[in-house]
Structure formats: structure tokens, C-alpha cells
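Containing compact mmCIF, N, CA and C atoms: query_7.txt.
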# COMPACT_ATOMS: atom_id res chain seq x y z
N MET A 283 0.83 -1.17 0.00
CA MET A 283 0.00 0.00 0.00
C MET A 283 0.89 1.25 0.00
N ARG A 284 0.66 2.12 -0.96
CA ARG A 284 1.41 3.38 -1.04
C ARG A 284 0.96 4.33 0.06
N VAL A 285 1.91 5.13 0.53
CA VAL A 285 1.64 6.09 1.59
C VAL A 285 2.18 7.45 1.15
N MET A 286 1.37 8.48 1.32
CA MET A 286 1.83 9.84 1.06
C MET A 286 2.00 10.54 2.39
N GLN A 287 3.19 11.06 2.61
CA GLN A 287 3.51 11.79 3.84
C GLN A 287 3.48 13.28 3.49
N ARG A 288 2.76 14.04 4.26
CA ARG A 288 2.65 15.48 4.05
C ARG A 288 3.01 16.17 5.34
N GLY A 289 3.95 17.09 5.27
CA GLY A 289 4.36 17.84 6.45
C GLY A 289 4.06 19.32 6.27
N ILE A 290 3.64 19.95 7.35
CA ILE A 290 3.35 21.37 7.33
C ILE A 290 4.19 22.01 8.44
N MET A 291 5.17 22.80 8.01
CA MET A 291 6.05 23.46 8.97
C MET A 291 5.71 24.94 9.02
N LYS A 292 5.50 25.44 10.21
CA LYS A 292 5.29 26.87 10.45
C LYS A 292 6.61 27.41 10.98
N ILE A 293 7.24 28.27 10.18
CA ILE A 293 8.55 28.80 10.50
C ILE A 293 8.39 30.10 11.29
N LEU A 294 9.22 30.27 12.29
CA LEU A 294 9.16 31.50 13.08
C LEU A 294 9.54 32.70 12.21
N PRO A 295 8.92 33.85 12.44
CA PRO A 295 9.25 35.05 11.65
C PRO A 295 10.74 35.35 11.69
N GLY A 296 11.29 35.67 10.52
CA GLY A 296 12.71 36.00 10.40
C GLY A 296 13.63 34.80 10.34
N LYS A 297 13.10 33.59 10.31
CA LYS A 297 13.92 32.37 10.35
C LYS A 297 13.86 31.56 9.05
N MET A 298 13.18 32.06 8.01
CA MET A 298 13.01 31.27 6.78
C MET A 298 14.35 30.97 6.09
N ALA A 299 15.22 31.96 5.95
CA ALA A 299 16.51 31.74 5.27
C ALA A 299 17.34 30.69 6.02
N GLU A 300 17.38 30.80 7.33
CA GLU A 300 18.13 29.83 8.14
C GLU A 300 17.51 28.44 8.03
N THR A 301 16.18 28.39 7.98
CA THR A 301 15.48 27.12 7.84
C THR A 301 15.83 26.46 6.52
N MET A 302 15.85 27.22 5.44
CA MET A 302 16.15 26.65 4.12
C MET A 302 17.59 26.13 4.05
N LYS A 303 18.53 26.81 4.70
CA LYS A 303 19.91 26.32 4.75
C LYS A 303 20.01 25.01 5.51
N LEU A 304 19.33 24.94 6.66
CA LEU A 304 19.34 23.70 7.45
C LEU A 304 18.64 22.59 6.67
N ASN A 305 17.58 22.92 5.96
CA ASN A 305 16.87 21.92 5.18
C ASN A 305 17.75 21.35 4.07
N GLU A 306 18.58 22.18 3.44
CA GLU A 306 19.51 21.67 2.42
C GLU A 306 20.43 20.60 2.99
N LYS A 307 20.95 20.84 4.20
CA LYS A 307 21.81 19.86 4.85
C LYS A 307 21.04 18.58 5.16
N TYR A 308 19.82 18.75 5.65
CA TYR A 308 18.99 17.59 6.00
C TYR A 308 18.65 16.79 4.75
N MET A 309 18.34 17.47 3.65
CA MET A 309 18.01 16.77 2.40
C MET A 309 19.20 15.97 1.89
N ALA A 310 20.40 16.49 2.02
CA ALA A 310 21.59 15.75 1.59
C ALA A 310 21.74 14.46 2.39
N ILE A 311 21.47 14.52 3.68
CA ILE A 311 21.54 13.33 4.52
C ILE A 311 20.43 12.35 4.12
N MET A 312 19.23 12.87 3.90
CA MET A 312 18.11 12.02 3.50
C MET A 312 18.41 11.25 2.21
N LYS A 313 19.06 11.91 1.26
CA LYS A 313 19.39 11.25 -0.01
C LYS A 313 20.34 10.07 0.21
N ARG A 314 21.25 10.20 1.18
CA ARG A 314 22.17 9.10 1.48
C ARG A 314 21.42 7.86 1.94
N TYR A 315 20.26 8.06 2.56
CA TYR A 315 19.46 6.96 3.07
C TYR A 315 18.36 6.54 2.10
N GLY A 316 18.35 7.10 0.91
CA GLY A 316 17.43 6.65 -0.13
C GLY A 316 16.02 7.17 -0.05
N VAL A 317 15.84 8.41 0.41
CA VAL A 317 14.49 8.98 0.45
C VAL A 317 13.95 9.12 -0.98
N PRO A 318 12.69 8.79 -1.18
CA PRO A 318 12.10 9.05 -2.49
C PRO A 318 12.06 10.56 -2.75
N SER A 319 11.74 10.93 -3.94
CA SER A 319 11.66 12.34 -4.30
C SER A 319 10.72 13.09 -3.37
N MET A 320 11.16 14.25 -2.92
CA MET A 320 10.35 15.06 -2.03
C MET A 320 10.02 16.37 -2.73
N ARG A 321 8.75 16.75 -2.65
CA ARG A 321 8.31 18.03 -3.20
C ARG A 321 8.09 18.99 -2.04
N MET A 322 8.56 20.23 -2.23
CA MET A 322 8.35 21.25 -1.21
C MET A 322 7.57 22.40 -1.83
N TYR A 323 6.66 22.96 -1.03
CA TYR A 323 5.81 24.05 -1.48
C TYR A 323 5.79 25.16 -0.44
N ARG A 324 5.53 26.37 -0.94
CA ARG A 324 5.17 27.49 -0.08
C ARG A 324 3.87 28.02 -0.64
N PRO A 325 2.91 28.29 0.21
CA PRO A 325 1.66 28.85 -0.32
C PRO A 325 1.92 30.13 -1.10
N PHE A 326 1.23 30.28 -2.21
CA PHE A 326 1.40 31.46 -3.05
C PHE A 326 0.64 32.65 -2.48
N VAL A 327 -0.59 32.41 -2.10
CA VAL A 327 -1.41 33.42 -1.43
C VAL A 327 -2.28 32.69 -0.42
N GLY A 328 -2.82 33.42 0.48
CA GLY A 328 -3.73 32.80 1.45
C GLY A 328 -3.74 33.56 2.75
N GLY A 329 -4.56 33.11 3.63
CA GLY A 329 -4.67 33.76 4.93
C GLY A 329 -3.70 33.16 5.92
N GLY A 330 -3.74 33.68 7.10
CA GLY A 330 -2.92 33.14 8.19
C GLY A 330 -1.43 33.35 7.96
N ASP A 331 -0.66 32.36 8.28
CA ASP A 331 0.81 32.44 8.21
C ASP A 331 1.38 31.93 6.89
N TYR A 332 0.74 32.22 5.79
CA TYR A 332 1.23 31.65 4.53
C TYR A 332 2.67 32.08 4.21
N MET A 333 3.10 33.23 4.68
CA MET A 333 4.47 33.68 4.43
C MET A 333 5.49 32.90 5.25
N HIS A 334 5.03 32.19 6.27
CA HIS A 334 5.94 31.44 7.15
C HIS A 334 5.66 29.95 7.12
N THR A 335 5.06 29.47 6.03
CA THR A 335 4.66 28.07 5.95
C THR A 335 5.41 27.36 4.83
N VAL A 336 5.90 26.16 5.14
CA VAL A 336 6.54 25.28 4.15
C VAL A 336 5.81 23.94 4.22
N ILE A 337 5.43 23.44 3.06
CA ILE A 337 4.73 22.15 2.99
C ILE A 337 5.59 21.20 2.17
N PHE A 338 5.72 19.98 2.63
CA PHE A 338 6.46 18.99 1.86
C PHE A 338 5.63 17.72 1.71
N GLU A 339 5.89 17.01 0.61
CA GLU A 339 5.22 15.74 0.35
C GLU A 339 6.23 14.72 -0.14
N ILE A 340 6.09 13.51 0.37
CA ILE A 340 6.91 12.37 -0.06
C ILE A 340 5.95 11.20 -0.27
N GLU A 341 6.11 10.50 -1.38
CA GLU A 341 5.32 9.30 -1.63
C GLU A 341 6.20 8.08 -1.40
N TRP A 342 5.74 7.20 -0.52
CA TRP A 342 6.45 5.98 -0.17
C TRP A 342 5.74 4.79 -0.79
N ASP A 343 6.52 3.78 -1.17
CA ASP A 343 5.93 2.56 -1.74
C ASP A 343 5.13 1.79 -0.70
N SER A 344 5.52 1.94 0.58
CA SER A 344 4.80 1.24 1.64
C SER A 344 5.10 1.91 2.98
N PHE A 345 4.23 1.65 3.94
CA PHE A 345 4.45 2.16 5.29
C PHE A 345 5.73 1.57 5.87
N GLU A 346 5.99 0.31 5.56
CA GLU A 346 7.20 -0.36 6.06
C GLU A 346 8.46 0.34 5.57
N LYS A 347 8.51 0.73 4.28
CA LYS A 347 9.69 1.43 3.76
C LYS A 347 9.86 2.78 4.44
N MET A 348 8.77 3.47 4.67
CA MET A 348 8.83 4.76 5.34
C MET A 348 9.36 4.58 6.77
N ALA A 349 8.82 3.62 7.50
CA ALA A 349 9.23 3.38 8.88
C ALA A 349 10.71 2.98 8.96
N THR A 350 11.14 2.12 8.04
CA THR A 350 12.54 1.69 8.01
C THR A 350 13.46 2.88 7.75
N PHE A 351 13.07 3.73 6.81
CA PHE A 351 13.85 4.93 6.50
C PHE A 351 14.03 5.79 7.75
N PHE A 352 12.93 6.06 8.46
CA PHE A 352 13.02 6.94 9.63
C PHE A 352 13.77 6.29 10.78
N GLU A 353 13.70 4.99 10.92
CA GLU A 353 14.49 4.32 11.95
C GLU A 353 15.98 4.55 11.69
N LYS A 354 16.39 4.42 10.42
CA LYS A 354 17.80 4.60 10.06
C LYS A 354 18.25 6.04 10.21
N ILE A 355 17.46 6.97 9.66
CA ILE A 355 17.92 8.36 9.65
C ILE A 355 17.94 8.97 11.05
N MET A 356 17.03 8.54 11.91
CA MET A 356 17.01 9.11 13.26
C MET A 356 18.17 8.60 14.11
N GLU A 357 18.85 7.56 13.66
CA GLU A 357 20.05 7.08 14.35
C GLU A 357 21.30 7.83 13.89
N ASP A 358 21.20 8.59 12.80
CA ASP A 358 22.32 9.32 12.23
C ASP A 358 22.75 10.44 13.19
N LYS A 359 24.03 10.50 13.48
CA LYS A 359 24.55 11.50 14.44
C LYS A 359 24.34 12.93 13.94
N GLU A 360 24.52 13.16 12.64
CA GLU A 360 24.30 14.51 12.09
C GLU A 360 22.85 14.95 12.28
N VAL A 361 21.93 14.04 12.03
CA VAL A 361 20.51 14.35 12.20
C VAL A 361 20.20 14.64 13.66
N GLN A 362 20.74 13.84 14.56
CA GLN A 362 20.52 14.07 15.98
C GLN A 362 21.03 15.44 16.41
N GLU A 363 22.17 15.86 15.84
CA GLU A 363 22.72 17.17 16.17
C GLU A 363 21.87 18.32 15.62
N MET A 364 21.12 18.05 14.54
CA MET A 364 20.27 19.08 13.94
C MET A 364 18.99 19.34 14.73
N MET A 365 18.52 18.37 15.47
CA MET A 365 17.22 18.48 16.11
C MET A 365 17.05 19.75 16.96
N PRO A 366 18.02 20.12 17.80
CA PRO A 366 17.85 21.36 18.57
C PRO A 366 17.77 22.61 17.67
N GLN A 367 18.45 22.57 16.52
CA GLN A 367 18.40 23.71 15.60
C GLN A 367 16.99 23.87 15.01
N TRP A 368 16.36 22.74 14.66
CA TRP A 368 14.99 22.80 14.14
C TRP A 368 14.06 23.42 15.17
N GLU A 369 14.23 23.07 16.42
CA GLU A 369 13.37 23.60 17.48
C GLU A 369 13.45 25.11 17.58
N GLU A 370 14.61 25.68 17.25
CA GLU A 370 14.80 27.14 17.31
C GLU A 370 14.18 27.85 16.11
N LEU A 371 13.86 27.10 15.05
CA LEU A 371 13.38 27.70 13.81
C LEU A 371 11.88 27.55 13.58
N MET A 372 11.31 26.50 14.12
CA MET A 372 9.91 26.18 13.81
C MET A 372 8.97 26.53 14.96
N GLY A 373 7.83 27.07 14.58
CA GLY A 373 6.77 27.28 15.55
C GLY A 373 5.98 26.00 15.74
N SER A 374 5.80 25.25 14.63
CA SER A 374 5.11 23.97 14.70
C SER A 374 5.48 23.13 13.49
N HIS A 375 5.25 21.83 13.62
CA HIS A 375 5.52 20.89 12.53
C HIS A 375 4.51 19.76 12.64
N GLU A 376 3.60 19.71 11.69
CA GLU A 376 2.59 18.67 11.67
C GLU A 376 2.91 17.70 10.54
N VAL A 377 2.65 16.43 10.77
CA VAL A 377 2.85 15.42 9.73
C VAL A 377 1.56 14.65 9.57
N GLU A 378 1.15 14.50 8.31
CA GLU A 378 -0.06 13.74 7.98
C GLU A 378 0.35 12.57 7.09
N LEU A 379 -0.31 11.45 7.25
CA LEU A 379 -0.08 10.28 6.41
C LEU A 379 -1.38 9.94 5.70
N TYR A 380 -1.28 9.72 4.40
CA TYR A 380 -2.45 9.37 3.60
C TYR A 380 -2.19 8.04 2.92
N MET A 381 -3.22 7.22 2.80
CA MET A 381 -3.11 5.95 2.09
C MET A 381 -3.93 6.03 0.80
N SER A 382 -3.52 5.30 -0.19
CA SER A 382 -4.20 5.27 -1.47
C SER A 382 -5.56 4.60 -1.33
N MET A 383 -6.54 5.13 -2.01
CA MET A 383 -7.87 4.53 -1.97
C MET A 383 -8.10 3.60 -3.16
N SER A 384 -7.13 3.46 -4.03
CA SER A 384 -7.31 2.61 -5.20
C SER A 384 -6.92 1.18 -4.93
Could you quickly redo this structure as C-alpha cells?
Amino acid sequence: MRVMQRGIMKILPGKMAETMKLNEKYMAIMKRYGVPSMRMYRPFVGGGDYMHTVIFEIEWDSFEKMATFFEKIMEDKEVQEMMPQWEELMGSHEVELYMSMS
């Protein structure tokens, strides 16, 4: 069963540039562990905090592959060192998982 992971990050005001730099480092690490292609979006217009919102989507072949990926990457020392930095940049981070209905 395919799984789509969608994340919604609310970035603290004035922290977007720093967030994008940290995200580049994180993406490089993710590629080493074989993450499928990830799409990132910023709302074009809208209400609320659209200027401070980043949305990402990843499609996984299965929940098992996604879980295995996160088990491996969360053991990575570089990723562990990044975690406190993310906390200083984000106001919130929500993750949603969707399954295919077909």
C-alpha cells in the first residue's frame, strides 16, 4: 500500500533563510538513506501564516519502507545534532499520512 507523507512546517518570523539552509543539509543526509523524491511548497497566497509556511510531500511505496527509513535516519549522528536547531526555527511541525484509496 502506497503512503503519502505530508508535512506542514510553520517557520518563526525572520527564520526562513536559516530554515532553508538547514533543510539543504537535511536533504543531503536524506538522499544518502534513499528517500524518495520530495516536493516542497510554499503557499502562493492565502490567509494566516502563509508567508511562514513550508509544505512537503513524499510518496512511499509502503508504510514499512517509510518506517525503516526513519528508523535509520534518526540514528544518524548529524541528524541528531540538527534536532535542537529545528526547534529554534519552527513554531510547529505537523505530519499527515495518507493511504491510497485505489
What lies within 9 Å of Tyr315 (chain A) using only C-alpha atoms, ignoring chain neighbours under 4 positions off, as a VMD selection string?
chain A and resid 311 351 354 to 355
Neighbouring residues of region 329-341 of chain A were defined as those with any atom within 6.5 Å, considering all atoms listed in the file; residues of the same chain fewer than 6 positions away were excluded. Please report them as a PDB file with N, CA and C atoms, in the frame of the given file.
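Ended up saving to around-v7.pdb:
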ATOM      1  N   VAL A 285       1.910   5.130   0.530  1.00  0.00           N
ATOM      2  CA  VAL A 285       1.640   6.090   1.590  1.00  0.00           C
ATOM      3  C   VAL A 285       2.180   7.450   1.150  1.00  0.00           C
ATOM      4  N   MET A 286       1.370   8.480   1.320  1.00  0.00           N
ATOM      5  CA  MET A 286       1.830   9.840   1.060  1.00  0.00           C
ATOM      6  C   MET A 286       2.000  10.540   2.390  1.00  0.00           C
ATOM      7  N   GLN A 287       3.190  11.060   2.610  1.00  0.00           N
ATOM      8  CA  GLN A 287       3.510  11.790   3.840  1.00  0.00           C
ATOM      9  C   GLN A 287       3.480  13.280   3.490  1.00  0.00           C
ATOM     10  N   ARG A 288       2.760  14.040   4.260  1.00  0.00           N
ATOM     11  CA  ARG A 288       2.650  15.480   4.050  1.00  0.00           C
ATOM     12  C   ARG A 288       3.010  16.170   5.340  1.00  0.00           C
ATOM     13  N   GLY A 289       3.950  17.090   5.270  1.00  0.00           N
ATOM     14  CA  GLY A 289       4.360  17.840   6.450  1.00  0.00           C
ATOM     15  C   GLY A 289       4.060  19.320   6.270  1.00  0.00           C
ATOM     16  N   ILE A 290       3.640  19.950   7.350  1.00  0.00           N
ATOM     17  CA  ILE A 290       3.350  21.370   7.330  1.00  0.00           C
ATOM     18  C   ILE A 290       4.190  22.010   8.440  1.00  0.00           C
ATOM     19  N   MET A 291       5.170  22.800   8.010  1.00  0.00           N
ATOM     20  CA  MET A 291       6.050  23.460   8.970  1.00  0.00           C
ATOM     21  C   MET A 291       5.710  24.940   9.020  1.00  0.00           C
ATOM     22  N   LYS A 292       5.500  25.440  10.210  1.00  0.00           N
ATOM     23  CA  LYS A 292       5.290  26.870  10.450  1.00  0.00           C
ATOM     24  C   LYS A 292       6.610  27.410  10.980  1.00  0.00           C
ATOM     25  N   ILE A 293       7.240  28.270  10.180  1.00  0.00           N
ATOM     26  CA  ILE A 293       8.550  28.800  10.500  1.00  0.00           C
ATOM     27  C   ILE A 293       8.390  30.100  11.290  1.00  0.00           C
ATOM     28  N   LEU A 294       9.220  30.270  12.290  1.00  0.00           N
ATOM     29  CA  LEU A 294       9.160  31.500  13.080  1.00  0.00           C
ATOM     30  C   LEU A 294       9.540  32.700  12.210  1.00  0.00           C
ATOM     31  N   PRO A 318      12.690   8.790  -1.180  1.00  0.00           N
ATOM     32  CA  PRO A 318      12.100   9.050  -2.490  1.00  0.00           C
ATOM     33  C   PRO A 318      12.060  10.560  -2.750  1.00  0.00           C
ATOM     34  N   SER A 319      11.740  10.930  -3.940  1.00  0.00           N
ATOM     35  CA  SER A 319      11.660  12.340  -4.300  1.00  0.00           C
ATOM     36  C   SER A 319      10.720  13.090  -3.370  1.00  0.00           C
ATOM     37  N   MET A 320      11.160  14.250  -2.920  1.00  0.00           N
ATOM     38  CA  MET A 320      10.350  15.060  -2.030  1.00  0.00           C
ATOM     39  C   MET A 320      10.020  16.370  -2.730  1.00  0.00           C
ATOM     40  N   ARG A 321       8.750  16.750  -2.650  1.00  0.00           N
ATOM     41  CA  ARG A 321       8.310  18.030  -3.200  1.00  0.00           C
ATOM     42  C   ARG A 321       8.090  18.990  -2.040  1.00  0.00           C
ATOM     43  N   MET A 322       8.560  20.230  -2.230  1.00  0.00           N
ATOM     44  CA  MET A 322       8.350  21.250  -1.210  1.00  0.00           C
ATOM     45  C   MET A 322       7.570  22.400  -1.830  1.00  0.00           C
ATOM     46  N   TYR A 323       6.660  22.960  -1.030  1.00  0.00           N
ATOM     47  CA  TYR A 323       5.810  24.050  -1.480  1.00  0.00           C
ATOM     48  C   TYR A 323       5.790  25.160  -0.440  1.00  0.00           C
TER      49      TYR A 323
END
Exercise: Glu370 (chain A) partners within 8 Å, all atoms listed in the file, chain neighbours under 2 positions left out, as a list in words:
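Counting only the stated atoms, we get Ile293, Leu294, Lys297, Met365, Pro366, Gln367, Trp368, Met372 and Gly373 of chain A.
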Using DSSP assignments from the backbone, pull out every residue in chain A that falls under alpha helix (DSSP H) and give it to me as a count of residues only.
41
Could you write out, as a ChimeraX atom specification, all the residues of chain A that DSSP marks as strand (DSSP E or B)?
/A:285-293,320-323,335-342,372-381
